[in-house]
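Quick notes on the structure that follows.
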Amino acid sequence: LKSMLERVDAGVGMILKALDETGAADNTLVVLSSDNGGERWASNAPLFHHKATLWEGGIRVPCLMRWPGKIPPGTRSNLPGITMDLSATFLAAAGGTIPEDKPFDGVDLMPLLTGQAEAAERSFCWRMQRSNRTMKAIRHGKWKYLNDGNTMDLLFDLETDVGERVNLNFTHPDIVAELKKRLADWEAEMDAEEKEILVR
């Protein structure tokens with residue numbers, strides 16, 4: 001694993017060096033991220049669990065962005081985002097606009113990172129089925145509701161408990177009910193969308 005990361009580091013360094021040497025850096029947004037948390041043998045501490053789960057250890061990843069002249073060096077943000085935001089960000093960076101008949105699920109992150117806009121409280125929803133185990137989760141602000149295999153309702157305050165160790169379900173039933181409704185509404189919206197089937 002260490003060797004793999006060293007190769008990634010070297011490769012990214014080559015790309016950044018080439019952008020600097022050709023003068024293209026100021027006109028290029030570079031993003032390095034991951035689609036999921038670490039594998040089973042990885043240490044995701046202080047996050048709990050791993051890839052193929054909806055615990056923070058499976059879905060929370062760093063996102064590094066570089067765009068000299070646009071993003072000030074050393075900028076750090078705790079802004080929650082989702083991979084779908086990158087599509088909207090790339091489109092806006094290229095000067096495009098989101099089509100009205102096919103709106104994106106993500107938002108352009110650049111105005112938020114550069115301080116031109118304030119972050120609004122957003123909801124992020126997930127669902128997955130692995131080995132006959134269904135998982136669902138929603139995050140709204142600092143709160144995260146998790147249903148891991150229909151065992152029990154789990155509620156976490158990610159500001160104070162990023163490791164998801166203290167279940168607040170019984171002390172905040174109103175928040176659990178609100179998040180479960182938001183999640184059910186999102187699922188109904190997803191299931192109602194017309195699906196495109198590709199046949200090859």
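Please note that chains go A, B, ... in the order of the structure tokens, that every chain numbers its residues from 1, and that ligands are numbered from 1 in the order shown.
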Contacts of A:Arg165 at 10 Å (only C-alpha atoms; same-chain gap of 3+ positions) as a PyMOL selection string
chain A and resi 47-48+154-157+161-162+168
I need the strand (DSSP E) residues of stretch 24-185 of chain A per DSSP on the backbone, written as a ChimeraX atom specification.
/A:30-32,64-66,123-130,133-140,143-148,153-157
Of A:Lys142, A:His172, A:Ala192, A:Leu109, the one sitting nearest A:Glu159 when using only C-alpha atoms is A:Lys142
Find, counting only C-alpha atoms, the residue in A:Leu29, A:Ala18, A:Asp191, A:Arg130 that gets nearest to A:Leu91.
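Closest candidate: A:Leu29.
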Nearest to A:Gly11: which of A:Lys144, A:His50, A:Leu32, A:Asp85 is it, counting only C-alpha atoms?
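For A:Gly11, the nearest of the candidates is A:Leu32.
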Name the residues in contact with A:Gln129 at a cut-off of 10 Å, using only C-alpha atoms, excluding same-chain residues fewer than 6 positions from it; report them as a PyMOL selection string.
chain A and resi 52-53+135-136+149
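Nearest residue to A:Lys70 among A:Gly115, A:Pro99, A:Gly58, A:Gly37 is A:Gly115, counting only C-alpha atoms.
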Which parts of stretch 84-170 of chain A does DSSP call alpha helix (DSSP H) when run on the backbone here, written out as a list in words?
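Result set for stretch 84-170 of chain A (alpha helix (DSSP H)): Met84, Asp85, Leu86, Ser87, Ala88, Thr89, Phe90, Leu91, Ala92, Ala93, Met110, Pro111, Leu112 and Leu113 of chain A.
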Please save N, CA and C atoms of the selected residues as a compact mmCIF listing (two decimals), in the first residue's frame.
```
# COMPACT_ATOMS: atom_id res chain seq x y z
N MET A 84 -20.57 14.09 -6.75
CA MET A 84 -21.39 14.70 -7.80
C MET A 84 -21.16 16.20 -7.91
N ASP A 85 -20.64 16.82 -6.84
CA ASP A 85 -20.33 18.25 -6.91
C ASP A 85 -19.21 18.52 -7.92
N LEU A 86 -18.35 17.56 -8.13
CA LEU A 86 -17.24 17.77 -9.06
C LEU A 86 -17.73 17.96 -10.49
N SER A 87 -18.80 17.26 -10.88
CA SER A 87 -19.34 17.45 -12.24
C SER A 87 -19.81 18.88 -12.43
N ALA A 88 -20.55 19.40 -11.46
CA ALA A 88 -21.03 20.78 -11.56
C ALA A 88 -19.87 21.77 -11.50
N THR A 89 -18.86 21.48 -10.69
CA THR A 89 -17.69 22.35 -10.57
C THR A 89 -16.90 22.38 -11.87
N PHE A 90 -16.68 21.21 -12.47
CA PHE A 90 -15.93 21.16 -13.73
C PHE A 90 -16.67 21.90 -14.85
N LEU A 91 -17.98 21.70 -14.91
CA LEU A 91 -18.77 22.36 -15.95
C LEU A 91 -18.69 23.88 -15.81
N ALA A 92 -18.86 24.37 -14.58
CA ALA A 92 -18.78 25.81 -14.36
C ALA A 92 -17.39 26.34 -14.65
N ALA A 93 -16.35 25.61 -14.26
CA ALA A 93 -14.97 26.04 -14.50
C ALA A 93 -14.68 26.15 -16.00
N MET A 110 -16.63 25.98 -6.35
CA MET A 110 -15.69 27.10 -6.42
C MET A 110 -16.17 28.35 -5.67
N PRO A 111 -17.41 28.81 -5.84
CA PRO A 111 -17.83 30.00 -5.09
C PRO A 111 -17.76 29.79 -3.57
N LEU A 112 -17.94 28.55 -3.13
CA LEU A 112 -17.88 28.26 -1.70
C LEU A 112 -16.43 28.25 -1.22
N LEU A 113 -15.53 27.72 -2.03
CA LEU A 113 -14.12 27.64 -1.65
C LEU A 113 -13.43 29.00 -1.70
```
Can you work out the spacing between atom CA of A:Ala177 and atom CA of A:Pro103 in Å, to one decimal?
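Going from atom CA of A:Ala177 over to atom CA of A:Pro103, I get 28.4 Å.
With only C-alpha atoms as the basis for measurement, A:Arg133 is the residue among A:Val12, A:Arg133, A:Pro68, A:Trp186 that approaches A:Asn150 most closely.
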